[in-house]
Amino acid sequence: MRLLLEPQIFNNQKFGGISRYYTEIFSFLLNEKGVEFDIPLYYTNNIYFNESNLISPTQKRVLFLVRFLTSMGISLRGKINKKNYNKSTRALRNKDYDLVIPTYFDTYFLNFIDNKPFVLTVYDMIHELYPQFFENGEEIINNKKILIQKATKIIAVSNNTKSDILKFYPHVDSSTIEVIYHGNSIEINNNVKLNLPEKYILFVGIRSFYKNFIFFINSIKELLLSDENLYVVCAGGGKFNDEEIIFINELGLNNQVIYYHFKEDELGLIYSNAKCFVFPSEYEGFGIPILEAMSCGCPVILTNNSSFPEVAGEAGIFFELNDENDLKNKVTSVINDETLANLYSQKGMEHVKKFTWEIATKQCMEIYTKAINY
């Protein structure tokens, strides 16, 4: 079996759930007998790929060179994009593969594969559900529609995502869509040093729009104001923007709501030390941070919506969507009741064992085989 992993996501994403998914799956496929694959990539700044066994010696040399030239103030973005595109299209034209696996929704590869099969993974239907939040939403929606209709097989990352696909495209044969859950690869490194408060509630990742950050802070502001030793740590997602800074200052919480730019090996310990992890997002196709937090023994509080009940199961503490009082009460309970916190810590660590990249890789292989023999 020869696979071509079309690498567009690694051109666009320095880190994130999608690039982690493909890095993990194909890292396991390195040891799969009878499987060969090509990732036609000249250069990427993707953290997961560059720290994995997937990176070739040539790509390592290019990575070193680009970093050196960038440090000298030399911009190579245009040249790199062109080289990546040329390398990818050459591999597609050669047709030395049994199956193509596009990593995102740019349809350019269709011009080169003729009748070769491809397997599409749909991570969520966020652009269709919240088009007002995305400048390029219409383009992604149109491209995704084309690929969903042409794909030999479709992988959905949750049953909720599969239902959303069929909601928007009811004419698609449901038997072509199979559900494969993500795994979890986070580790706790006790050797790293964190400059964080002793007592904090954790928020991870981007904070805009449907992620519900403003709603979250509004919900627990009284809890923070009543305890000057309690903090909210916002790990990753970029520094606070002007609107967020004004909002936090107006609440008088500028010393208690803090941003922390973490290194990859710090995240496990950040979860582990938190009183709880709150995931107030309105919608996620899956939600890898749920597994990350549970794996680190951190109680998870999240919305009773979207894919969350499916992914978190009985190990999650759920609040009603957009109910500030309910969220405040759930957070208060976990922080003030050590027995309850320990219970959900244990539940989470047991529940997360169901989600592994080994299982996901085996299931992907089954679908890849079906697509080739379709």
# chains A, B, ... in the order shown; residues from 1 in each chain; ligands from 1
$ closest_atom_pairs --of "region 143-233 of chain A" --to "region 285-308 of chain A" --cutoff "10 Å" --atoms "only C-alpha atoms" --output "JSON lines"
{"residue": "A:Ala156", "atom": "CA", "partner": "A:Gly285", "partner_atom": "CA", "distance": 8.5}
{"residue": "A:Val157", "atom": "CA", "partner": "A:Phe286", "partner_atom": "CA", "distance": 6.1}
{"residue": "A:Ser158", "atom": "CA", "partner": "A:Phe286", "partner_atom": "CA", "distance": 6.0}
{"residue": "A:Asn159", "atom": "CA", "partner": "A:Ser307", "partner_atom": "CA", "distance": 7.5}
{"residue": "A:Asn160", "atom": "CA", "partner": "A:Ser307", "partner_atom": "CA", "distance": 5.3}
{"residue": "A:Thr161", "atom": "CA", "partner": "A:Gly285", "partner_atom": "CA", "distance": 5.6}
{"residue": "A:Lys162", "atom": "CA", "partner": "A:Gly285", "partner_atom": "CA", "distance": 9.3}
{"residue": "A:Asp164", "atom": "CA", "partner": "A:Gly285", "partner_atom": "CA", "distance": 9.3}
{"residue": "A:Tyr181", "atom": "CA", "partner": "A:Phe286", "partner_atom": "CA", "distance": 7.7}
{"residue": "A:His182", "atom": "CA", "partner": "A:Ile288", "partner_atom": "CA", "distance": 7.1}
{"residue": "A:Gly183", "atom": "CA", "partner": "A:Ile288", "partner_atom": "CA", "distance": 7.7}
{"residue": "A:Asn184", "atom": "CA", "partner": "A:Leu291", "partner_atom": "CA", "distance": 6.1}
{"residue": "A:Ser185", "atom": "CA", "partner": "A:Glu292", "partner_atom": "CA", "distance": 7.6}
{"residue": "A:Ile186", "atom": "CA", "partner": "A:Glu292", "partner_atom": "CA", "distance": 6.0}
{"residue": "A:Glu187", "atom": "CA", "partner": "A:Cys296", "partner_atom": "CA", "distance": 7.7}
{"residue": "A:Ile188", "atom": "CA", "partner": "A:Cys296", "partner_atom": "CA", "distance": 7.0}
{"residue": "A:Leu202", "atom": "CA", "partner": "A:Cys298", "partner_atom": "CA", "distance": 9.5}
{"residue": "A:Phe203", "atom": "CA", "partner": "A:Pro289", "partner_atom": "CA", "distance": 9.8}
{"residue": "A:Val204", "atom": "CA", "partner": "A:Pro289", "partner_atom": "CA", "distance": 7.6}
{"residue": "A:Gly205", "atom": "CA", "partner": "A:Pro289", "partner_atom": "CA", "distance": 8.9}
$ select_by_dssp --residues "region 40-225 of chain A" --states "strand (DSSP E)" --output "list in words"
Leu99, Val100, Ile101, Pro102, Val119, Leu120, Thr121, Val122, Lys153, Ile154, Ile155, Ala156, Ile177, Glu178, Val179, Tyr200, Ile201, Leu202, Phe203 and Val204 of chain A
$ write_last_selection --atoms "C-alpha atoms" --output "short mmCIF file (atom, residue, chain, number, x, y, z; two decimals), in the first residue's frame"
data_model
loop_
_atom_site.label_atom_id
_atom_site.label_comp_id
_atom_site.auth_asym_id
_atom_site.auth_seq_id
_atom_site.Cartn_x
_atom_site.Cartn_y
_atom_site.Cartn_z
CA LEU A 99 -4.42 6.50 -2.23
CA VAL A 100 -4.30 10.25 -1.62
CA ILE A 101 -5.02 11.70 1.81
CA PRO A 102 -5.64 15.47 1.66
CA VAL A 119 -9.94 9.69 1.86
CA LEU A 120 -11.11 12.96 3.37
CA THR A 121 -11.17 13.69 7.10
CA VAL A 122 -13.80 16.19 8.24
CA LYS A 153 -14.41 7.50 1.96
CA ILE A 154 -14.88 10.15 4.66
CA ILE A 155 -13.54 10.04 8.20
CA ALA A 156 -15.51 12.05 10.76
CA ILE A 177 -18.69 8.22 6.46
CA GLU A 178 -16.93 6.39 9.29
CA VAL A 179 -16.11 7.77 12.73
CA TYR A 200 -5.67 28.68 38.98
CA ILE A 201 -8.46 27.77 36.59
CA LEU A 202 -7.17 26.85 33.14
CA PHE A 203 -8.30 28.01 29.70
CA VAL A 204 -6.36 26.65 26.70
#
$ residues_around --residues "Ala341 (chain A)" --least-positions-apart "4" --cutoff "10 Å" --atoms "only C-alpha atoms" --output "list of chain:residue names"
A:Lys275, A:Cys276, A:Gly297, A:Cys298, A:Pro299, A:Val300, A:Ser333, A:Val334, A:Ile335, A:Asn336, A:Asp337, A:Ser345, A:Gln346, A:Lys347
$ closest_atom_pairs --of "region 195-312 of chain A" --to "region 35-54 of chain A" --cutoff "12 Å" --atoms "only C-alpha atoms" --output "tab-separated table"
residue	atom	partner	partner_atom	distance
A:Lys263	CA	A:Ile47	CA	10.3
A:Glu264	CA	A:Ile47	CA	8.6
A:Asp265	CA	A:Ile47	CA	11.5
$ select_by_dssp --residues "region 244-300 of chain A" --states "helix (DSSP H, G or I)" --output "ChimeraX atom specification"
/A:244-250,264-273,288-295
$ closest_residue --among "A:Cys234, A:Tyr210, A:Asp96, A:Asn81" --to "Gln132 (chain A)" --atoms "only C-alpha atoms"
A:Tyr210
